[in-house]
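What follows is a set of notes on a single structure, which appears directly below.
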Amino acid sequence: MSAIAASDLAELKVRYPERFRPDWRRRALVVGTLAAASALYVGAFVSFDFPWGRLGPGFWQLLWFVEEMFPPDAGGHLGTYLNALGETLAIALLGTLLGALFALPAGIFAARNVTPSAWLRTPVKRLFDTVRGVDTLIWALIWINVVGLGPFAGVLAIATSDFGALGKLFAEIIESADPREPEGVRASGGRRLVEVRFGLLPQVLPVIAGQILYFIESNTRSATIIGVVGAGGIGLHLSEQIRVLEWRQVSFLILLILISVAAIDFVSSRLRAAMAGRRPASA
Amino acid sequence: MGLRSTVGWTFPHCLLPTAYCRLPVPMPSAVVRLPDRQLEALKCAYRRAAWAKRAQLVALVAFVLGLIALSAVQAEVDPKTFLAKIGGFFSYFDRLATLDSGQRVWTDPVEWFWSFKRNVRLIGETILMAYVGTLTGGVVGFILNFLASPNLTANAAVVFCARRGLELCRTVPSIVFALMFVVAFGLGPLPGVLAIAIHTAGALGKQFFETTENIDSKPIEGMRSVGASWAQTVRFAAVPQVLASFASFALLRFEVNVREATVLGFVGAGGIGQDLMEAIRKFYYSDVSAILVLIVAVVVTIDISTQRLRHYLMGERRGS
């Protein structure tokens, strides 16, 4: 094939006119979408009624905060902070496991291939959606009203919101399982529960375990902030130190969080890769 | 006990998966039977492997139980308090569904949603905060992701810096940014929008560059071979390949951000969170449920519509 030179362009245009005709409908769609998105963007700013005058001084203040953050310093509270960090990790682990404990049977029940009746299945799925729609921090406030301030409320808050998220996820994982294995069990005369136990669970358990690990990892992040409303963990100290403008301690706490989250990320991605039976992907 | 096969020898039970043991297994008619000594060795090896696996499982369970016990102590879990107060959780929902007058909330919707106008305005503000934050963060993440993809950006230092920057934005929770911005910029939606934008830039940027990294390299080579600049390569080789999945990621992030924007008000960063927190803390039960109903309705609606849009986008990509 010889290269197509620019001089051939006229001939090409004659030969393939449809390739050179602009697609007006597509262009209108793209331009229209962009225009609508930008209009909404600008409209949002107008409706926020931003105090634009504060933007400049605010940025200078932020720069000053960052400058004040160095060097990070525990301010003599190292023991307290490490204890709070342990509390945070404990909240993440217990909350996720507790949520998964309740989500597993509910998720199995809500799967289409386990419960064919939409009348039984849909309410459970709507329950998952409702629970998931309420943020962890809101659940934390509610649980504080029930069991009082402290890390236990945090555990229950994470468990509650995970019940919704994991339940939905488990149901989806089970729905995507290979139908031939439970069918084989059924063909050999297995009852419904036997079918789920020997046909479905062995297939989905590694995926579910991987998801639980992933949730423990991401809940470590949620657990760091749950203290902002008083539900235990390192967030309580972080928000206090921000409010009293102790920036060195703030940066120390943020560093502590970053390091522990990175460590948990590392361990959990290794474990998940091992469970999936492959080498961990390089970062 | 084993299964009797047609050739009249006993199949060792342990060589079969347990699920099959109670079922009649059709045996091949001509099974070669190993000499006893070989068979014994195999059975032995199997038993050892089975025990090793069981021991592994027991060790794992023990380890997890130990972790749980340790965490329970650390998190001050108290089953007694829990059992004593779990009734409070359900009666809390009972009270959520009761007006001050003692009636059920749904008997008097006007009284239940007495501040409907204010709540709708606030939830509108919440959605707009999520929208502006997602779009701003998405654009930043979009630009940075091409700098963080080694197949488009050859300079390793630029790739490294872009990735670490995105990581920093992603790992610090948005409510921590919001807390700091409230101190710097004062109360209102501005700190909330900024916090969402920064976190979104990090989270989307990561998903974006993981996609960009794995695109087909032939269009990139093609653009480079005709002397295209970096921007032209990105525009004509990378963007057409990734746009649909990027839009899908951004829609998913928007949904997450709406949920997150509902709680940014807890620290004074705008949206409906401030009113919600006040209502919860001051035990205005019917107000709490009115706001929660609105939030759940909005979140579920956005969840369903973005899911539709995403399926449409991904379907279009697969089709082309």
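We name chains A, B, ... following the order of the structure tokens; residues begin at 1 in each chain, and ligands are numbered from 1 as shown.
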
Would you kindly report the residues of chain B within 8 Å of chain A, using only C-alpha atoms, as a PyMOL selection string?
chain B and resi 19+23+68+70-72+74-78+81-82+85-86+88-89+92+125+128-129+131-132+171-173+175-176+179-181+183-185+189-190+259-260+262-263+266+277+280-281+292+295-296+299-300

Report as number ranges by chain all protein, DNA and RNA residues lying within 9 Å of Phe236 (chain B), evaluated on only C-alpha atoms, omitting residues in the same chain fewer than 5 positions from it.
B: 219-220, 223, 231, 241

Handout entry: Test item: residues at most 9 Å from Leu166 (chain A), only C-alpha atoms, excluding those fewer than 2 positions along its chain, as a PyMOL selection string
Key = chain A and resi 99-100+103-104+107+128+161-164+168-171+211-212+215

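Within the 10 Å cut-off around Met314 (chain B), using only C-alpha atoms and omitting residues fewer than 5 positions from it on the same chain, the listed residues are Ala244, Ser245, Ala247, Ser248, Leu309 and Gly319 of chain B.
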
Given the selection you just returned, output its residues as a file containing C-alpha atoms, formatted as a short mmCIF file (atom, residue, chain, number, x, y, z; two decimals), in the first residue's frame.
```
data_model
loop_
_atom_site.label_atom_id
_atom_site.label_comp_id
_atom_site.auth_asym_id
_atom_site.auth_seq_id
_atom_site.Cartn_x
_atom_site.Cartn_y
_atom_site.Cartn_z
CA ALA B 244 -17.33 6.18 27.58
CA SER B 245 -15.75 4.50 30.60
CA ALA B 247 -18.27 9.14 31.78
CA SER B 248 -19.43 5.98 33.51
CA LEU B 309 -27.13 6.02 31.86
CA GLY B 319 -21.41 -1.90 20.31
#
```

| said: Among region 207-279 of chain A, which residues does DSSP mark as alpha helix (DSSP H) when it is run on the backbone? Keep the chain and numbering as in the structure and answer as JSON, numbers by chain. | reply: {"A": [207, 208, 209, 210, 211, 212, 213, 214, 215, 216, 217, 218, 219, 220, 221, 222, 223, 224, 225, 234, 235, 236, 237, 238, 239, 240, 241, 242, 243, 247, 248, 249, 250, 251, 252, 253, 254, 255, 256, 257, 258, 259, 260, 261, 262, 263, 264, 265, 266, 267, 268, 269, 270, 271, 272, 273, 274, 275, 276]}

Create the file for the chosen residues now, containing C-alpha atoms and written as a compact mmCIF listing (two decimals), in the first residue's frame.
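Dumped everything to part.txt:
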```
# COMPACT_ATOMS: atom_id res chain seq x y z
CA VAL A 207 -15.29 -13.39 45.50
CA ILE A 208 -17.32 -12.55 48.61
CA ALA A 209 -14.27 -12.94 50.87
CA GLY A 210 -12.34 -10.62 48.55
CA GLN A 211 -15.09 -8.03 48.73
CA ILE A 212 -15.20 -8.22 52.54
CA LEU A 213 -11.45 -7.61 52.65
CA TYR A 214 -11.83 -4.70 50.28
CA PHE A 215 -14.56 -3.25 52.49
CA ILE A 216 -12.40 -3.60 55.60
CA GLU A 217 -9.79 -1.61 53.71
CA SER A 218 -12.15 1.14 52.59
CA ASN A 219 -13.89 1.22 55.97
CA THR A 220 -10.58 2.06 57.58
CA ARG A 221 -10.97 5.36 55.76
CA SER A 222 -14.58 5.78 56.90
CA ALA A 223 -13.61 4.88 60.46
CA THR A 224 -11.01 7.64 60.54
CA ILE A 225 -13.72 10.27 60.11
CA ILE A 234 -8.91 9.06 65.54
CA GLY A 235 -11.40 11.42 63.86
CA LEU A 236 -12.36 12.91 67.21
CA HIS A 237 -8.79 14.09 67.84
CA LEU A 238 -8.37 15.23 64.25
CA SER A 239 -11.45 17.45 64.29
CA GLU A 240 -10.55 18.81 67.73
CA GLN A 241 -7.03 19.72 66.66
CA ILE A 242 -8.35 21.41 63.50
CA ARG A 243 -10.80 23.44 65.56
CA TRP A 247 -1.71 22.43 62.72
CA ARG A 248 1.39 20.44 63.64
CA GLN A 249 -0.71 17.86 65.43
CA VAL A 250 -3.21 17.90 62.55
CA SER A 251 -0.49 17.05 60.06
CA PHE A 252 0.83 14.38 62.42
CA LEU A 253 -2.61 12.78 62.63
CA ILE A 254 -3.10 12.98 58.86
CA LEU A 255 0.30 11.35 58.33
CA LEU A 256 -0.62 8.64 60.82
CA ILE A 257 -3.85 7.99 58.90
CA LEU A 258 -2.11 7.99 55.51
CA ILE A 259 0.53 5.52 56.67
CA SER A 260 -1.91 3.13 58.30
CA VAL A 261 -4.29 3.27 55.33
CA ALA A 262 -1.38 2.58 52.97
CA ALA A 263 -0.26 -0.35 55.14
CA ILE A 264 -3.76 -1.84 55.18
CA ASP A 265 -4.06 -1.27 51.41
CA PHE A 266 -0.84 -3.17 50.89
CA VAL A 267 -1.75 -6.13 53.10
CA SER A 268 -5.28 -6.36 51.78
CA SER A 269 -4.34 -6.14 48.09
CA ARG A 270 -1.76 -8.91 48.67
CA LEU A 271 -4.35 -11.06 50.44
CA ARG A 272 -6.98 -10.43 47.79
CA ALA A 273 -4.53 -11.28 45.04
CA ALA A 274 -3.57 -14.48 46.86
CA MET A 275 -7.22 -15.42 47.21
CA ALA A 276 -7.89 -14.77 43.55
```

Taken to one decimal, the CA of Gly227 (chain A)-CA of Tyr284 (chain B) distance is 22.7 Å

Worksheet item: Phe113 (chain B): which residues within 10 Å, counting only C-alpha atoms, same-chain residues fewer than 5 positions away excluded, as a PyMOL selection string?
Response: chain B and resi 105-106+108+118-119+286-287+289-291+294

Using only C-alpha atoms, determine which residues lie at most 10 Å from Gln307 (chain B), disregarding the query and same-chain residues fewer than 3 positions distant; provide the list as a short mmCIF file (atom, residue, chain, number, x, y, z; two decimals) with N, CA and C atoms, in the first residue's frame.
```
data_model
loop_
_atom_site.label_atom_id
_atom_site.label_comp_id
_atom_site.auth_asym_id
_atom_site.auth_seq_id
_atom_site.Cartn_x
_atom_site.Cartn_y
_atom_site.Cartn_z
N SER B 248 -18.80 6.93 32.60
CA SER B 248 -19.43 5.98 33.51
C SER B 248 -18.87 6.11 34.92
N LEU B 251 -20.20 9.32 36.52
CA LEU B 251 -21.59 9.21 36.98
C LEU B 251 -21.66 8.47 38.32
N LEU B 252 -20.88 7.39 38.42
CA LEU B 252 -20.86 6.63 39.66
C LEU B 252 -20.36 7.51 40.81
N GLU B 255 -22.94 9.95 42.12
CA GLU B 255 -23.87 9.34 43.07
C GLU B 255 -23.24 9.26 44.46
N THR B 301 -33.19 7.74 43.57
CA THR B 301 -33.50 8.20 42.21
C THR B 301 -32.22 8.41 41.41
N ILE B 302 -31.25 9.08 42.02
CA ILE B 302 -30.00 9.35 41.29
C ILE B 302 -29.27 8.04 41.02
N ASP B 303 -29.31 7.12 41.99
CA ASP B 303 -28.68 5.81 41.82
C ASP B 303 -29.25 5.11 40.60
N ILE B 304 -30.59 5.06 40.53
CA ILE B 304 -31.23 4.32 39.44
C ILE B 304 -30.96 5.00 38.10
N ARG B 310 -25.32 4.66 32.76
CA ARG B 310 -24.04 3.96 32.65
C ARG B 310 -24.17 2.71 31.80
N HIS B 311 -25.27 1.98 31.99
CA HIS B 311 -25.47 0.80 31.15
C HIS B 311 -25.55 1.20 29.69
N TYR B 312 -26.24 2.33 29.44
CA TYR B 312 -26.36 2.81 28.07
C TYR B 312 -24.99 3.15 27.51
N LEU B 313 -24.18 3.86 28.32
CA LEU B 313 -22.85 4.26 27.86
C LEU B 313 -21.97 3.04 27.59
#
```

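Each of B:Pro109, B:Leu147, B:Ala195, B:Leu166 was checked against Ala97 (chain B) using only C-alpha atoms; the smallest atom-to-atom distance is that of B:Pro109.
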